[in-house]
$ cat final_2.txt   # compact mmCIF, C-alpha atoms and all ligand atoms
# COMPACT_ATOMS: atom_id res chain seq x y z
CA MET A 1472 82.63 -8.99 -44.96
CA ASP A 1473 79.33 -7.70 -43.56
CA LEU A 1474 77.33 -6.74 -46.61
CA GLY A 1475 74.85 -4.72 -44.55
CA LEU A 1476 71.79 -6.45 -46.03
CA LYS A 1477 70.37 -8.04 -42.86
CA GLY A 1478 66.90 -6.69 -42.11
CA LYS A 1479 66.70 -4.76 -45.40
CA THR A 1480 63.78 -5.41 -47.75
CA VAL A 1481 64.08 -6.55 -51.35
CA ILE A 1482 61.36 -6.97 -53.98
CA ILE A 1483 62.33 -9.61 -56.55
CA THR A 1484 60.14 -9.82 -59.65
CA GLY A 1485 59.99 -13.32 -61.08
CA GLY A 1486 61.70 -14.45 -57.88
CA ALA A 1487 60.05 -17.88 -58.09
CA SER A 1488 61.82 -19.56 -61.00
CA ASN A 1489 65.32 -20.40 -62.21
CA ILE A 1490 67.53 -17.25 -62.00
CA GLY A 1491 64.95 -15.38 -59.90
CA ARG A 1492 64.81 -18.27 -57.44
CA GLY A 1493 68.63 -18.19 -57.18
CA ILE A 1494 68.51 -14.44 -56.50
CA THR A 1495 65.84 -15.03 -53.83
CA LEU A 1496 67.97 -17.64 -52.05
CA CYS A 1497 71.16 -15.54 -52.19
CA PHE A 1498 69.34 -12.59 -50.54
CA ALA A 1499 67.75 -15.01 -48.04
CA LYS A 1500 71.23 -16.13 -46.94
CA GLU A 1501 71.98 -12.48 -46.07
CA GLY A 1502 68.91 -12.25 -43.77
CA THR A 1503 67.10 -9.85 -46.12
CA ASN A 1504 63.28 -9.56 -46.00
CA ILE A 1505 61.99 -10.76 -49.35
CA VAL A 1506 58.90 -10.04 -51.43
CA ILE A 1507 58.54 -12.38 -54.40
CA ALA A 1508 56.40 -10.56 -56.99
CA ASP A 1509 55.43 -13.25 -59.48
CA LEU A 1510 52.42 -14.50 -61.40
CA ASP A 1511 53.12 -18.12 -60.46
CA GLU A 1512 51.91 -18.39 -56.85
CA LYS A 1513 52.69 -22.09 -56.55
CA GLN A 1514 56.36 -21.86 -57.57
CA ALA A 1515 56.74 -18.59 -55.65
CA GLY A 1516 55.40 -20.33 -52.53
CA LYS A 1517 58.08 -23.02 -52.90
CA ALA A 1518 60.85 -20.41 -53.27
CA ALA A 1519 59.50 -18.46 -50.27
CA ASP A 1520 59.53 -21.64 -48.15
CA GLU A 1521 63.17 -22.22 -49.12
CA ALA A 1522 64.02 -18.60 -48.28
CA ARG A 1523 62.34 -18.85 -44.88
CA ALA A 1524 64.31 -22.04 -44.17
CA LEU A 1525 67.45 -19.91 -44.66
CA GLY A 1526 66.24 -17.38 -42.06
CA SER A 1527 64.59 -14.76 -44.24
CA LYS A 1528 61.13 -13.28 -43.74
CA ALA A 1529 59.80 -14.03 -47.21
CA ILE A 1530 56.33 -13.41 -48.60
CA VAL A 1531 54.68 -13.83 -51.99
CA VAL A 1532 52.65 -11.05 -53.57
CA LYS A 1533 51.00 -12.33 -56.73
CA THR A 1534 51.52 -9.53 -59.25
CA ASP A 1535 51.33 -9.02 -63.00
CA ILE A 1536 54.22 -6.60 -63.35
CA THR A 1537 53.09 -5.47 -66.81
CA ASP A 1538 50.14 -3.79 -65.02
CA TYR A 1539 51.14 -0.49 -63.37
CA ASP A 1540 48.22 -0.46 -60.90
CA ALA A 1541 49.08 -3.99 -59.77
CA VAL A 1542 52.72 -2.94 -59.26
CA GLU A 1543 51.65 0.07 -57.14
CA ALA A 1544 49.49 -2.24 -54.99
CA MET A 1545 52.41 -4.69 -54.58
CA VAL A 1546 54.79 -1.89 -53.50
CA LYS A 1547 52.20 -0.63 -50.99
CA LYS A 1548 51.79 -4.13 -49.60
CA THR A 1549 55.58 -4.42 -49.21
CA ILE A 1550 55.79 -1.13 -47.29
CA ASP A 1551 52.80 -2.12 -45.10
CA GLU A 1552 54.47 -5.45 -44.31
CA PHE A 1553 58.13 -4.44 -43.89
CA GLY A 1554 58.10 -0.63 -43.54
CA ALA A 1555 60.25 0.19 -46.58
CA VAL A 1556 61.65 -0.96 -49.92
CA ASP A 1557 65.45 -0.89 -49.85
CA ILE A 1558 66.13 -2.89 -53.01
CA LEU A 1559 64.22 -3.72 -56.18
CA VAL A 1560 65.37 -6.50 -58.49
CA ASN A 1561 63.68 -6.27 -61.91
CA ASN A 1562 64.23 -9.86 -62.93
CA VAL A 1563 61.23 -10.99 -64.99
CA GLY A 1564 62.01 -11.57 -68.65
CA TRP A 1565 60.73 -13.69 -71.50
CA ASP A 1566 61.75 -14.74 -75.02
CA LEU A 1567 60.93 -17.21 -77.75
CA GLN A 1568 63.96 -17.56 -79.97
CA GLN A 1569 63.23 -16.94 -83.65
CA LEU A 1570 64.56 -14.99 -86.60
CA PHE A 1571 63.34 -11.39 -86.69
CA ILE A 1572 61.80 -11.98 -90.13
CA ASP A 1573 59.46 -14.56 -88.53
CA THR A 1574 58.30 -12.37 -85.63
CA THR A 1575 54.93 -10.57 -85.51
CA PRO A 1576 53.72 -7.28 -84.00
CA ASP A 1577 51.82 -9.26 -81.33
CA PHE A 1578 55.10 -10.93 -80.32
CA TRP A 1579 56.84 -7.52 -80.21
CA ASP A 1580 54.12 -6.15 -77.92
CA LYS A 1581 54.33 -9.13 -75.58
CA ILE A 1582 58.10 -9.08 -75.25
CA ILE A 1583 58.33 -5.29 -74.91
CA ASN A 1584 55.67 -5.36 -72.16
CA ILE A 1585 57.23 -8.18 -70.17
CA ASN A 1586 60.91 -7.19 -70.58
CA TYR A 1587 60.85 -3.40 -70.73
CA ARG A 1588 57.49 -1.89 -69.73
CA SER A 1589 57.63 -3.98 -66.52
CA VAL A 1590 60.99 -2.39 -65.62
CA LEU A 1591 59.45 1.07 -66.09
CA ASN A 1592 56.42 0.07 -63.97
CA CYS A 1593 58.43 -1.35 -61.08
CA THR A 1594 61.13 1.34 -61.12
CA LYS A 1595 58.51 4.12 -61.09
CA GLY A 1596 56.65 2.17 -58.40
CA VAL A 1597 59.55 2.40 -55.91
CA LEU A 1598 61.55 5.44 -57.04
CA GLY A 1599 59.60 8.20 -55.22
CA HIS A 1600 59.84 6.21 -51.99
CA MET A 1601 63.60 5.71 -52.43
CA ILE A 1602 64.21 9.38 -53.30
CA GLU A 1603 62.26 10.43 -50.21
CA ARG A 1604 64.35 8.10 -48.02
CA LYS A 1605 67.58 9.15 -49.80
CA SER A 1606 68.46 5.49 -50.10
CA GLY A 1607 67.79 2.67 -52.52
CA VAL A 1608 69.17 0.17 -55.00
CA ILE A 1609 67.51 -0.92 -58.24
CA LEU A 1610 68.98 -3.87 -60.11
CA SER A 1611 67.79 -5.36 -63.37
CA THR A 1612 68.50 -8.68 -65.03
CA GLY A 1613 69.72 -7.84 -68.51
CA SER A 1614 71.34 -10.16 -71.03
CA ASP A 1615 74.48 -10.26 -73.12
CA ALA A 1616 72.00 -10.21 -76.04
CA GLY A 1617 71.36 -6.58 -75.10
CA ARG A 1618 75.09 -5.77 -75.22
CA ILE A 1619 76.40 -7.62 -78.25
CA GLY A 1620 73.29 -8.73 -80.21
CA GLU A 1621 72.45 -12.40 -80.63
CA PHE A 1622 71.18 -14.51 -83.52
CA ARG A 1623 67.41 -15.25 -83.12
CA GLU A 1624 67.12 -12.75 -80.23
CA ALA A 1625 66.65 -9.44 -82.06
CA VAL A 1626 63.53 -8.18 -80.27
CA TYR A 1627 64.59 -9.64 -76.91
CA GLY A 1628 68.08 -8.10 -77.26
CA GLY A 1629 66.45 -4.78 -78.15
CA THR A 1630 64.44 -4.79 -74.92
CA LYS A 1631 67.50 -5.70 -72.84
CA GLY A 1632 69.49 -2.93 -74.56
CA ALA A 1633 66.65 -0.60 -73.60
CA VAL A 1634 66.88 -1.74 -69.97
CA ILE A 1635 70.62 -0.97 -69.99
CA ALA A 1636 70.15 2.54 -71.47
CA PHE A 1637 67.22 3.28 -69.13
CA THR A 1638 69.30 2.20 -66.12
CA LYS A 1639 72.16 4.54 -67.06
CA ALA A 1640 69.82 7.50 -67.60
CA VAL A 1641 67.93 7.06 -64.31
CA ALA A 1642 71.22 6.41 -62.47
CA ARG A 1643 72.35 9.88 -63.62
CA GLU A 1644 69.06 11.43 -62.49
CA VAL A 1645 68.87 9.95 -58.99
CA GLY A 1646 72.48 9.45 -57.88
CA ARG A 1647 72.20 12.72 -55.91
CA TYR A 1648 69.54 11.03 -53.74
CA ASN A 1649 71.80 8.05 -52.99
CA VAL A 1650 69.78 5.77 -55.24
CA ARG A 1651 71.92 3.41 -57.35
CA LEU A 1652 70.93 1.41 -60.44
CA ASN A 1653 72.90 -1.37 -62.14
CA VAL A 1654 72.30 -4.25 -64.55
CA VAL A 1655 73.53 -7.85 -64.33
CA CYS A 1656 73.68 -9.83 -67.59
CA PRO A 1657 73.58 -13.61 -67.20
CA GLY A 1658 74.79 -16.03 -69.83
CA VAL A 1659 72.84 -19.21 -70.59
CA THR A 1660 71.56 -20.34 -67.17
CA ILE A 1661 69.69 -23.60 -66.98
CA PRO A 1662 67.79 -24.94 -63.97
CA LYS A 1663 69.41 -27.93 -62.25
CA SER A 1664 66.13 -29.75 -61.61
CA GLU A 1665 62.38 -29.54 -62.21
CA ASP A 1666 62.00 -28.08 -58.69
CA GLU A 1667 63.82 -24.93 -59.74
CA TYR A 1668 61.43 -23.60 -62.38
CA GLY A 1669 57.73 -22.93 -62.68
CA GLU A 1670 54.98 -23.74 -65.16
CA ASP A 1671 55.49 -20.44 -67.01
CA SER A 1672 59.28 -20.58 -67.08
CA GLY A 1673 60.86 -19.73 -70.43
CA TRP A 1674 62.98 -22.84 -69.90
CA LYS A 1675 59.91 -25.04 -70.48
CA LEU A 1676 59.52 -23.60 -73.97
CA SER A 1677 63.16 -23.60 -74.96
CA ARG A 1678 64.61 -26.76 -73.39
CA GLY A 1679 64.06 -28.79 -76.61
CA PHE A 1680 66.53 -26.46 -78.32
CA PHE A 1681 69.33 -27.26 -75.85
CA THR A 1682 70.49 -30.67 -77.14
CA ASP A 1683 73.76 -32.14 -75.79
CA GLU A 1684 75.49 -31.06 -79.00
CA ILE A 1685 74.32 -27.45 -78.66
CA MET A 1686 75.24 -27.39 -74.95
CA GLU A 1687 78.75 -28.53 -75.81
CA LYS A 1688 79.09 -25.72 -78.38
CA ILE A 1689 77.81 -23.12 -75.90
CA VAL A 1690 80.21 -24.21 -73.16
CA LYS A 1691 83.14 -23.95 -75.64
CA ALA A 1692 82.21 -20.30 -76.26
CA TYR A 1693 82.67 -19.53 -72.54
CA PRO A 1694 86.32 -18.95 -71.53
CA LEU A 1695 85.55 -20.41 -68.08
CA ARG A 1696 84.20 -23.55 -69.85
CA ARG A 1697 80.97 -24.00 -67.90
CA LEU A 1698 77.46 -22.60 -67.90
CA GLY A 1699 76.42 -20.17 -65.21
CA THR A 1700 74.19 -21.02 -62.28
CA SER A 1701 71.42 -19.02 -60.69
CA GLU A 1702 73.70 -18.60 -57.65
CA ASP A 1703 76.34 -16.92 -59.85
CA ILE A 1704 73.75 -14.31 -60.76
CA GLY A 1705 72.34 -14.06 -57.23
CA ASN A 1706 75.80 -13.49 -55.76
CA ALA A 1707 76.47 -10.63 -58.20
CA MET A 1708 73.09 -9.08 -57.33
CA VAL A 1709 73.79 -9.36 -53.60
CA PHE A 1710 77.16 -7.65 -54.05
CA LEU A 1711 75.69 -4.81 -56.14
CA ALA A 1712 72.88 -4.32 -53.60
CA SER A 1713 75.30 -4.20 -50.69
CA ASP A 1714 77.23 -1.41 -48.96
CA ALA A 1715 80.39 -2.89 -50.52
CA ALA A 1716 79.13 -1.53 -53.89
CA ASN A 1717 78.03 1.90 -52.65
CA PHE A 1718 80.16 3.78 -55.25
CA ILE A 1719 78.94 1.72 -58.22
CA THR A 1720 76.04 3.00 -60.32
CA GLY A 1721 74.94 2.99 -63.97
CA GLN A 1722 77.02 -0.11 -64.71
CA THR A 1723 76.33 -3.29 -66.65
CA LEU A 1724 78.03 -6.43 -65.35
CA SER A 1725 78.11 -9.57 -67.47
CA VAL A 1726 78.16 -12.71 -65.33
CA SER A 1727 78.70 -15.13 -68.17
CA GLY A 1728 82.07 -16.82 -67.73
CA GLY A 1729 83.84 -14.28 -69.96
CA TYR A 1730 81.52 -14.84 -72.95
CA SER A 1731 81.27 -11.10 -73.56
CA MET A 1732 84.05 -8.76 -72.47
CA MET A 1733 83.53 -5.00 -72.63
N1 LIG B 1801 67.94 -18.30 -68.29
C1 LIG B 1801 68.83 -17.77 -69.09
O1 LIG B 1801 69.61 -18.48 -69.77
C2 LIG B 1801 68.95 -16.26 -69.22
C3 LIG B 1801 70.04 -15.71 -69.93
C4 LIG B 1801 70.17 -14.31 -69.99
C5 LIG B 1801 69.22 -13.50 -69.38
N2 LIG B 1801 68.17 -14.08 -68.70
C6 LIG B 1801 67.21 -13.19 -68.05
O2 LIG B 1801 67.11 -13.59 -66.69
C7 LIG B 1801 65.80 -13.33 -66.19
C8 LIG B 1801 65.23 -14.59 -65.57
O3 LIG B 1801 65.23 -15.62 -66.55
P1 LIG B 1801 64.79 -17.11 -66.17
O4 LIG B 1801 65.26 -17.99 -67.25
O5 LIG B 1801 65.21 -17.40 -64.79
O6 LIG B 1801 63.18 -16.95 -66.24
P2 LIG B 1801 61.99 -17.99 -66.00
O7 LIG B 1801 61.19 -17.96 -67.26
O8 LIG B 1801 62.46 -19.32 -65.49
O9 LIG B 1801 61.17 -17.27 -64.84
C9 LIG B 1801 60.46 -16.08 -65.05
C10 LIG B 1801 59.53 -15.87 -63.88
O10 LIG B 1801 58.79 -14.66 -64.15
C11 LIG B 1801 57.43 -14.87 -63.88
N3 LIG B 1801 56.64 -13.96 -64.72
C12 LIG B 1801 56.49 -14.00 -66.06
N4 LIG B 1801 55.71 -12.99 -66.48
C13 LIG B 1801 55.38 -12.29 -65.37
C14 LIG B 1801 54.59 -11.14 -65.14
N5 LIG B 1801 53.99 -10.49 -66.14
N6 LIG B 1801 54.45 -10.68 -63.87
C15 LIG B 1801 55.06 -11.33 -62.84
N7 LIG B 1801 55.81 -12.44 -62.99
C16 LIG B 1801 55.97 -12.92 -64.24
C17 LIG B 1801 57.18 -16.34 -64.20
O11 LIG B 1801 56.04 -16.84 -63.51
C18 LIG B 1801 58.49 -16.98 -63.70
O12 LIG B 1801 58.39 -17.35 -62.34
C19 LIG B 1801 65.00 -12.80 -67.39
O13 LIG B 1801 65.01 -11.38 -67.35
C20 LIG B 1801 65.78 -13.30 -68.57
O14 LIG B 1801 65.58 -12.51 -69.71
C21 LIG B 1801 68.01 -15.43 -68.63
$ encode --input "final_2.txt" --output "C-alpha cells"
Amino acid sequence: MDLGLKGKTVIITGGASNIGRGITLCFAKEGTNIVIADLDEKQAGKAADEARALGSKAIVVKTDITDYDAVEAMVKKTIDEFGAVDILVNNVGWDLQQLFIDTTPDFWDKIININYRSVLNCTKGVLGHMIERKSGVILSTGSDAGRIGEFREAVYGGTKGAVIAFTKAVAREVGRYNVRLNVVCPGVTIPKSEDEYGEDSGWKLSRGFFTDEIMEKIVKAYPLRRLGTSEDIGNAMVFLASDAANFITGQTLSVSGGYSMM
C-alpha cells in the first residue's frame, strides 16, 4: 500500500534515541524528509546518518523543546529547509520512577515541562501553519501509565493523561481544517544496543531497575509475551501519519502487546 508519505516532512522531537530513533527510521523508510529536534546533537547526528542511508533527507536541529522561542525557531528552520511541516511527532518524554510520596515540587516542574509543556510548545508551533495549509498530522508518544495509572509513575502518568486529553480537545477544534491528532502509547521498550540511545536517555537512569527477574515478570504481563521494539512504535506512527489513516483523529492507540485493552 502506498502510504503517501514520500516527500512529506516530519519533525520528530527526541528523534535521536531509543523509541524516537525507531520512529525516525520508520519514516526514513517511507522517503519522508526528517527533522530531528533533540538536545543531544551527537546521538541525533547518528540517527540522521542512518535515516539518510535509508534514502531520507534528514537534518538535525538542536532544540530545547521546553523553550517556546527555540521551538518557533526550529519550525521556521524546517519550513525554510523543506517548505512545509506535514507531520509533527511529539516524542520527547522523561521519568524517574518513584513513589509519589517521595517526589518534590522541583521534580513535578521538570516532568511537567518535558512531558506536557513541550507538547503545547510544539503543537502551537506548527498548528497555525497546518490550519493555513488545511493539512497536517500531529502525533504524540503517550504511555499506558496515562491510561491506566502505574505504580511509581504518578506524576509521569498524570502528564501522559494530560497529553491524551489535550490531543482529543485539539482534534475536535481543528478537524474541520483537515488536521488530525492521535496518541500512541508504547509499553516497556528497551534499546537493543548502546548505539540506540543517547547520553540523556531515560534508559541510562532506569536500566539498573530492569533485572532479569523483573523483565521476566513484565513479559508475563503482556499477552503477546514479548517486549515492544522501537520499530513497533514507529510503524504505528507511520500508519497514523499516512493517508491510510485519514479518517482517524482524537484516538489513543496502545502498542504494548495487549498489556492494556480499552
Ligand atoms: N521506553 C519506554 O519503555 C517507554 C514506555 C512508554 C512510553 N515511553 C515514552 O516514549 C517516549 C520516548 O521514550 P524513550 O525511552 O525512547 O526516551 P529516551 O530517554 O531514550 O530519549 C529521549 C530523547 O529526548 C531528548 N530530549 C530530552 N529532553 C529534551 C528537550 N528538552 N528538548 C529536546 N530533546 C530532549 C533526549 O536527548 C533523547 O534523545 C517518551 O515520551 C516516553 O515517555 C517510553
$ residues_near_ligand --input "final_2.txt" --ligand "ligand LIG 1801 (chain B)" --cutoff "6 Å" --atoms "all atoms listed in the file" --output "PyMOL selection string"
chain A and resi 1485+1487-1491+1509-1511+1534-1537+1562-1565+1585+1612-1614+1657-1661+1668-1669+1671-1674
$ atom_distance --input "final_2.txt" --atom1 "CA of Met1545 in chain A" --atom2 "CA of Arg1588 in chain A"
16.2 Å
$ residues_near_point --input "final_2.txt" --point "(62.5, 7.9, -46.8)" --cutoff "12 Å" --atoms "all atoms listed in the file" --output "list in words"
Ile1550, Gly1554, Ala1555, Val1556, Asp1557, Val1597, Leu1598, Gly1599, His1600, Met1601, Ile1602, Glu1603, Arg1604, Lys1605, Ser1606, Gly1607, Tyr1648, Asn1649 and Val1650 of chain A
$ atom_distance --input "final_2.txt" --atom1 "CA of Ala1522 in chain A" --atom2 "CA of Lys1595 in chain A"
26.7 Å
$ closest_residue --input "final_2.txt" --among "A:Pro1662, A:Gly1646, A:Pro1576, A:Gly1486" --to "Val1626 in chain A" --atoms "all atoms listed in the file"
A:Pro1576
$ closest_residue --input "final_2.txt" --among "A:Ser1677, A:Gln1569, A:Ser1664, A:Asn1653" --to "Phe1710 in chain A" --atoms "all atoms listed in the file"
A:Asn1653
$ atom_distance --input "final_2.txt" --atom1 "CA of Ile1494 in chain A" --atom2 "CA of Val1560 in chain A"
8.8 Å
$ closest_residue --input "final_2.txt" --among "A:Tyr1627, A:Thr1594, A:Arg1651, A:Phe1637" --to "Glu1543 in chain A" --atoms "all atoms listed in the file"
A:Thr1594
$ closest_residue --input "final_2.txt" --among "A:Tyr1730, A:Phe1578, A:Phe1718, A:Phe1680" --to "Arg1696 in chain A" --atoms "all atoms listed in the file"
A:Tyr1730
$ closest_residue --input "final_2.txt" --among "A:Glu1670, A:Glu1521, A:Glu1624, A:Glu1665" --to "Ile1582 in chain A" --atoms "only C-alpha atoms"
A:Glu1624
$ closest_residue --input "final_2.txt" --among "A:Gly1516, A:Gly1632, A:Pro1694, A:Gly1729" --to "Ser1611 in chain A" --atoms "only C-alpha atoms"
A:Gly1632
$ residues_near_point --input "final_2.txt" --point "(74.4, -15.2, -71.8)" --cutoff "12 Å" --atoms "all atoms listed in the file" --output "count of residues only"
38
$ axis_aligned_box --input "final_2.txt" --around "range 1476-1486 of chain A" --padding-each-side "5 Å" --output "lines of an AutoDock Vina configuration file"
center_x = 65.9
center_y = -9.6
center_z = -51.6
size_x = 21.8
size_y = 19.7
size_z = 29.0
$ decode --input "final_2.txt" --residues "range 1616-1629 of chain A" --atoms "C-alpha atoms" --output "PDB file, in the first residue's frame"
ATOM      1  CA  ALA A1616       0.661   4.921  32.501  1.00  0.00           C
ATOM      2  CA  GLY A1617      -1.509   7.798  31.281  1.00  0.00           C
ATOM      3  CA  ARG A1618      -4.426   5.455  30.555  1.00  0.00           C
ATOM      4  CA  ILE A1619      -4.487   3.028  33.467  1.00  0.00           C
ATOM      5  CA  GLY A1620      -2.171   4.551  36.115  1.00  0.00           C
ATOM      6  CA  GLU A1621       1.045   2.818  37.128  1.00  0.00           C
ATOM      7  CA  PHE A1622       2.795   2.221  40.446  1.00  0.00           C
ATOM      8  CA  ARG A1623       5.754   4.667  40.898  1.00  0.00           C
ATOM      9  CA  GLU A1624       4.664   6.709  37.845  1.00  0.00           C
ATOM     10  CA  ALA A1625       2.036   9.037  39.320  1.00  0.00           C
ATOM     11  CA  VAL A1626       3.372  12.369  38.049  1.00  0.00           C
ATOM     12  CA  TYR A1627       4.566  10.889  34.743  1.00  0.00           C
ATOM     13  CA  GLY A1628       1.187   9.176  34.212  1.00  0.00           C
ATOM     14  CA  GLY A1629      -0.539  12.474  35.009  1.00  0.00           C
TER      15      GLY A1629
END
